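The block underneath contains the structure these notes are about, expressed in C-alpha cells.
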Amino acid sequence: MNKTVILDFDNSTGTIPDAVRIELGQWQEAIRFGCSHARFSQLKQELEQKLPEHYGTVLMGSGDYHHVSLLLIKRLQQYFTATKPIEVVIFDNHPDNMRYLFGIHCGSWVSYVTQLPFVSHVHVLGITSKDIGFAHSWENRLAPLFQGKLTYWNMDVKIGWAQKIGLSHAFHSFASPEELVSAFIQAQQRNNRPVYVSIDKDVLAKDVVQTNWDQGRMQLNHLLSVINSLNQRIIGSDITGEVSQWEYTSWLKRMLSAMDKQEPIPEATLSAWQQQHHAVNQQLLSALVHYPQTTR
C-alpha cells in the first residue's frame, strides 16, 4: 500500500499514521489563494524533488491550495496519453473554472486540467455556488464547456443563461445530492477510463465539517458512494478544504480574501473545526486506500 502524503503548507492537517509529511510552510504566502505562473513552476520543481516515487492520497491543507492539484495531475502524464486518457472527478462547491488575471489560483485551475492532452473529461460534482449563475457567467471560462471537456453537476443555481447559449450538455442540475450522486454513478457505469479524484471539503454541508468558504449540501456518505463506485478505476487522489488562517502581506491577496468573506476564526473554534476535518479525512482515506496503484 502506498503511503499518504501531506503537503504541509499551513499546519492544518492532523497526524496521519505512516504518512509522508513534506514541510512547505515557506511557500504559504507565495502560493496560498493564487500565484504567478513563474512561482507555480518553482513549486513544481520543489515537489518533483520531494515527492516520493510512489504515493497514495495527497492532503494539501486549506482549499486555498486547491490549484496544487494541477501539479499532481500533471505528474500522471508519463503514464497516460491522448489515446490512453484519464478522467478527473472533482468534488467542490465551486467550479474552479474562473478567470484570474494574475496567474493561477484556487478558483481557476480546472481550465488548465481540461487542456492536458491525456485528460479526456473533467466532472465537478456538488456545485451550489452562484459562481455558475448568470451574474458570474462572464467569469467562467466557457471554452472547455463548449468543447465537451468539462461538466458541472450542480444544485440550487439558476443556469438558464447556459441553456440559452447552447451549454445544456455541460450543466446537469438536480434538486438533491441523492439525485446528483445517483445520476453520476449511473452515467459512469459503462465508463472504464482511469480516474483521478480531487476532493475539496467545502462541497460538504456545515453539519459535516465547517470551512471558511461558502459550503455545499453533500453528506460524507454521498462522497463515499461515488468513491466506492469508481474504486477499481481510481489511479490518484487528493484532499483539500482544511480550515486554517493566514494574514497575507500582499495587499492584493488581502483584498481578494476580504471579497470572499473569509472571516477570522477564534482559536478554540478553529481547533474544534480541525478535529471535525481530521475525522472526515480518516474516513475518506479509508475509502481511497483500496484503489489499485498500477501506474506508479
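Chain labels run A, B, ... following the order of the C-alpha cells; each chain numbers its residues from 1, and ligands are numbered from 1 in the order shown.
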With a distance cut-off of 9 Å and only C-alpha atoms, select the neighbouring residues of Phe171 of chain A, excluding the residue or stretch itself and same-chain residues fewer than 6 positions from it, and output the selection as a CSV table (one decimal) with N, CA, C and O atoms, in the first residue's frame.
chain,number,residue,atom,x,y,z
A,145,LEU,N,-16.3,24.1,-21.6
A,145,LEU,CA,-17.7,23.7,-21.5
A,145,LEU,C,-18.2,23.5,-22.9
A,145,LEU,O,-18.9,22.5,-23.2
A,151,THR,N,-17.9,19.3,-17.3
A,151,THR,CA,-19.3,19.2,-16.9
A,151,THR,C,-19.5,19.6,-15.5
A,151,THR,O,-18.7,19.2,-14.6
A,152,TYR,N,-20.4,20.5,-15.3
A,152,TYR,CA,-20.8,21.0,-13.9
A,152,TYR,C,-22.0,20.1,-13.5
A,152,TYR,O,-23.0,20.0,-14.2
A,153,TRP,N,-21.9,19.5,-12.3
A,153,TRP,CA,-23.0,18.8,-11.7
A,153,TRP,C,-23.5,19.6,-10.5
A,153,TRP,O,-22.7,19.7,-9.5
A,154,ASN,N,-24.6,20.3,-10.6
A,154,ASN,CA,-24.9,21.3,-9.7
A,154,ASN,C,-26.3,21.2,-9.1
A,154,ASN,O,-27.2,20.5,-9.5
A,159,ILE,N,-29.5,28.2,-14.0
A,159,ILE,CA,-28.5,28.2,-15.1
A,159,ILE,C,-29.1,28.3,-16.5
A,159,ILE,O,-28.6,27.8,-17.5
A,162,ALA,N,-27.0,29.5,-19.4
A,162,ALA,CA,-26.2,28.4,-20.1
A,162,ALA,C,-27.0,27.7,-21.1
A,162,ALA,O,-26.5,27.4,-22.2
A,163,GLN,N,-28.2,27.4,-20.8
A,163,GLN,CA,-29.1,26.7,-21.8
A,163,GLN,C,-29.3,27.6,-23.0
A,163,GLN,O,-29.3,27.1,-24.2
Residues near segment 129-139 of chain A, cut-off 9 Å, only C-alpha atoms, skip fewer than 2 positions along chain, as a PyMOL selection string: chain A and resi 93-100+127+141-142+152+154-162+214-216
Next, dump the selected residues to file, keeping only C-alpha atoms, as an mmCIF file, in the first residue's frame.
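Output (selection_37.cif):
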data_model
loop_
_atom_site.group_PDB
_atom_site.id
_atom_site.type_symbol
_atom_site.label_atom_id
_atom_site.label_comp_id
_atom_site.auth_asym_id
_atom_site.auth_seq_id
_atom_site.Cartn_x
_atom_site.Cartn_y
_atom_site.Cartn_z
ATOM 1 C CA ASN A 93 -18.866 23.645 -4.090
ATOM 2 C CA HIS A 94 -17.298 25.907 -6.737
ATOM 3 C CA PRO A 95 -16.481 25.350 -10.421
ATOM 4 C CA ASP A 96 -12.804 26.385 -10.026
ATOM 5 C CA ASN A 97 -13.001 27.340 -13.702
ATOM 6 C CA MET A 98 -12.980 31.119 -13.279
ATOM 7 C CA ARG A 99 -10.851 33.771 -14.940
ATOM 8 C CA TYR A 100 -7.861 35.016 -12.933
ATOM 9 C CA ILE A 127 -21.657 22.885 -7.023
ATOM 10 C CA ARG A 141 -14.016 30.011 -18.908
ATOM 11 C CA LEU A 142 -16.548 28.792 -21.441
ATOM 12 C CA TYR A 152 -20.829 20.953 -13.919
ATOM 13 C CA ASN A 154 -24.922 21.340 -9.650
ATOM 14 C CA MET A 155 -27.835 22.180 -7.348
ATOM 15 C CA ASP A 156 -29.708 25.322 -6.287
ATOM 16 C CA VAL A 157 -28.379 27.595 -9.066
ATOM 17 C CA LYS A 158 -30.374 29.047 -11.946
ATOM 18 C CA ILE A 159 -28.485 28.176 -15.111
ATOM 19 C CA GLY A 160 -30.918 29.321 -17.779
ATOM 20 C CA TRP A 161 -28.209 31.535 -19.282
ATOM 21 C CA ALA A 162 -26.152 28.441 -20.103
ATOM 22 C CA ASP A 214 -19.298 29.028 1.424
ATOM 23 C CA GLN A 215 -20.342 25.385 1.519
ATOM 24 C CA GLY A 216 -22.444 22.882 -0.382
#
Using only C-alpha atoms: which of A:His169, A:Arg254, A:Arg32, A:Arg21 has the shortest distance to Leu59 of chain A: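 Of the candidates, the smallest distance to Leu59 of chain A is held by A:Arg21.
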Find the spatial neighbours of Glu179 of chain A, counting only C-alpha atoms, within a cut-off of 12 Å - ignore same-chain residues fewer than 4 positions away - and output them as a PDB file with C-alpha atoms, in the first residue's frame.
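Everything below was put into around_22.pdb:
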ATOM      1  CA  LEU A 125     -19.662  17.454  -8.573  1.00  0.00           C
ATOM      2  CA  GLY A 126     -21.732  19.232  -5.927  1.00  0.00           C
ATOM      3  CA  TRP A 153     -23.029  18.765 -11.679  1.00  0.00           C
ATOM      4  CA  ASN A 154     -24.922  21.340  -9.650  1.00  0.00           C
ATOM      5  CA  MET A 155     -27.835  22.180  -7.348  1.00  0.00           C
ATOM      6  CA  HIS A 172     -26.513  18.904 -15.010  1.00  0.00           C
ATOM      7  CA  SER A 173     -28.909  20.287 -12.394  1.00  0.00           C
ATOM      8  CA  PHE A 174     -30.525  18.367  -9.529  1.00  0.00           C
ATOM      9  CA  ALA A 175     -32.849  19.032  -6.623  1.00  0.00           C
ATOM     10  CA  ALA A 183     -27.275  10.179 -11.835  1.00  0.00           C
ATOM     11  CA  PHE A 184     -23.490  10.458 -11.864  1.00  0.00           C
ATOM     12  CA  ILE A 185     -22.959   6.849 -10.810  1.00  0.00           C
ATOM     13  CA  GLN A 186     -25.420   5.661 -13.430  1.00  0.00           C
ATOM     14  CA  MET A 218     -23.367  16.948   0.312  1.00  0.00           C
ATOM     15  CA  HIS A 222     -22.501  10.855  -0.882  1.00  0.00           C
TER      16      HIS A 222
END
Tell me, as an mmCIF file with N, CA, C and O atoms, in the first residue's frame, which residues lie within 9 Å of Asp202 of chain A, counting only C-alpha atoms; anything in the same chain fewer than 3 positions away does not count.
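The result, written out as out_39.cif:
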data_model
loop_
_atom_site.group_PDB
_atom_site.id
_atom_site.type_symbol
_atom_site.label_atom_id
_atom_site.label_comp_id
_atom_site.auth_asym_id
_atom_site.auth_seq_id
_atom_site.Cartn_x
_atom_site.Cartn_y
_atom_site.Cartn_z
ATOM 1 N N GLY A 63 -8.407 24.757 1.336
ATOM 2 C CA GLY A 63 -8.876 24.827 -0.041
ATOM 3 C C GLY A 63 -8.211 25.943 -0.817
ATOM 4 O O GLY A 63 -8.289 25.981 -2.053
ATOM 5 N N PHE A 91 -14.828 16.926 -6.424
ATOM 6 C CA PHE A 91 -15.903 17.316 -5.516
ATOM 7 C C PHE A 91 -15.619 18.737 -5.051
ATOM 8 O O PHE A 91 -14.582 18.986 -4.412
ATOM 9 N N ASP A 92 -16.523 19.672 -5.333
ATOM 10 C CA ASP A 92 -16.252 21.063 -4.976
ATOM 11 C C ASP A 92 -17.557 21.847 -5.004
ATOM 12 O O ASP A 92 -18.401 21.620 -5.875
ATOM 13 N N ASN A 93 -17.699 22.776 -4.075
ATOM 14 C CA ASN A 93 -18.866 23.645 -4.090
ATOM 15 C C ASN A 93 -18.744 24.748 -5.129
ATOM 16 O O ASN A 93 -19.697 25.479 -5.365
ATOM 17 N N HIS A 94 -17.565 24.865 -5.748
ATOM 18 C CA HIS A 94 -17.298 25.907 -6.737
ATOM 19 C C HIS A 94 -16.781 25.261 -8.030
ATOM 20 O O HIS A 94 -16.198 24.187 -7.992
ATOM 21 N N ILE A 199 -10.826 16.147 -3.961
ATOM 22 C CA ILE A 199 -11.905 16.469 -3.025
ATOM 23 C C ILE A 199 -11.609 17.778 -2.307
ATOM 24 O O ILE A 199 -10.595 17.903 -1.612
ATOM 25 N N ALA A 205 -21.842 19.724 3.571
ATOM 26 C CA ALA A 205 -22.711 20.593 4.350
ATOM 27 C C ALA A 205 -22.055 20.958 5.683
ATOM 28 O O ALA A 205 -21.159 20.256 6.169
ATOM 29 N N LYS A 206 -22.513 22.044 6.271
ATOM 30 C CA LYS A 206 -21.901 22.538 7.513
ATOM 31 C C LYS A 206 -22.121 21.614 8.694
ATOM 32 O O LYS A 206 -21.405 21.720 9.693
ATOM 33 N N VAL A 209 -18.684 19.241 8.240
ATOM 34 C CA VAL A 209 -17.486 19.992 8.632
ATOM 35 C C VAL A 209 -17.771 21.476 8.416
ATOM 36 O O VAL A 209 -18.659 21.858 7.658
ATOM 37 N N GLN A 210 -16.964 22.306 9.070
ATOM 38 C CA GLN A 210 -17.057 23.742 8.880
ATOM 39 C C GLN A 210 -15.800 24.222 8.166
ATOM 40 O O GLN A 210 -14.684 23.872 8.554
ATOM 41 N N THR A 211 -15.983 25.002 7.113
ATOM 42 C CA THR A 211 -14.844 25.608 6.428
ATOM 43 C C THR A 211 -14.997 27.125 6.480
ATOM 44 O O THR A 211 -16.009 27.641 6.955
ATOM 45 N N ASN A 212 -13.986 27.851 5.992
ATOM 46 C CA ASN A 212 -14.118 29.310 5.916
ATOM 47 C C ASN A 212 -14.440 29.761 4.497
ATOM 48 O O ASN A 212 -14.165 30.892 4.103
ATOM 49 N N TRP A 213 -15.044 28.845 3.693
ATOM 50 C CA TRP A 213 -15.617 29.160 2.394
ATOM 51 C C TRP A 213 -17.120 28.882 2.458
ATOM 52 O O TRP A 213 -17.583 28.168 3.359
ATOM 53 N N ASP A 214 -17.895 29.417 1.510
ATOM 54 C CA ASP A 214 -19.298 29.028 1.424
ATOM 55 C C ASP A 214 -19.357 27.546 1.045
ATOM 56 O O ASP A 214 -18.539 27.068 0.266
ATOM 57 N N GLN A 215 -20.333 26.850 1.614
ATOM 58 C CA GLN A 215 -20.342 25.385 1.519
ATOM 59 C C GLN A 215 -21.552 24.836 0.780
ATOM 60 O O GLN A 215 -22.566 25.509 0.630
ATOM 61 N N GLY A 216 -21.409 23.565 0.368
ATOM 62 C CA GLY A 216 -22.444 22.882 -0.382
ATOM 63 C C GLY A 216 -23.395 22.107 0.500
ATOM 64 O O GLY A 216 -23.536 22.376 1.690
ATOM 65 N N THR A 240 -8.403 18.361 -0.089
ATOM 66 C CA THR A 240 -8.125 19.697 0.425
ATOM 67 C C THR A 240 -9.391 20.199 1.114
ATOM 68 O O THR A 240 -10.355 19.470 1.268
ATOM 69 N N GLY A 241 -9.363 21.455 1.560
ATOM 70 C CA GLY A 241 -10.529 22.008 2.240
ATOM 71 C C GLY A 241 -10.388 22.101 3.738
ATOM 72 O O GLY A 241 -11.356 22.420 4.440
ATOM 73 N N GLU A 242 -9.183 21.804 4.271
ATOM 74 C CA GLU A 242 -8.960 22.014 5.708
ATOM 75 C C GLU A 242 -9.217 23.482 6.035
ATOM 76 O O GLU A 242 -9.147 24.356 5.169
#
Contacts of segment 189-192 of chain A at 12 Å (only C-alpha atoms; same-chain gap of 5+ positions) as a PyMOL selection string: chain A and resi 84-87+120-121+182-184+226+229-234
Could you save the residues just selected, with C-alpha atoms, as a short mmCIF file (atom, residue, chain, number, x, y, z; two decimals), in the first residue's frame?
data_model
loop_
_atom_site.label_atom_id
_atom_site.label_comp_id
_atom_site.auth_asym_id
_atom_site.auth_seq_id
_atom_site.Cartn_x
_atom_site.Cartn_y
_atom_site.Cartn_z
CA LYS A 84 -4.95 6.29 -23.31
CA PRO A 85 -6.58 9.11 -21.32
CA ILE A 86 -7.93 9.61 -17.82
CA GLU A 87 -10.92 11.50 -16.46
CA SER A 120 -10.47 13.42 -21.72
CA HIS A 121 -13.03 14.95 -19.37
CA SER A 182 -27.34 8.57 -8.39
CA ALA A 183 -27.28 10.18 -11.84
CA PHE A 184 -23.49 10.46 -11.86
CA VAL A 226 -19.13 7.88 -5.61
CA SER A 229 -18.45 3.20 -7.44
CA LEU A 230 -15.19 4.38 -9.04
CA ASN A 231 -12.80 2.45 -6.84
CA GLN A 232 -11.45 0.00 -9.40
CA ARG A 233 -10.69 2.89 -11.75
CA ILE A 234 -9.06 5.41 -9.37
#
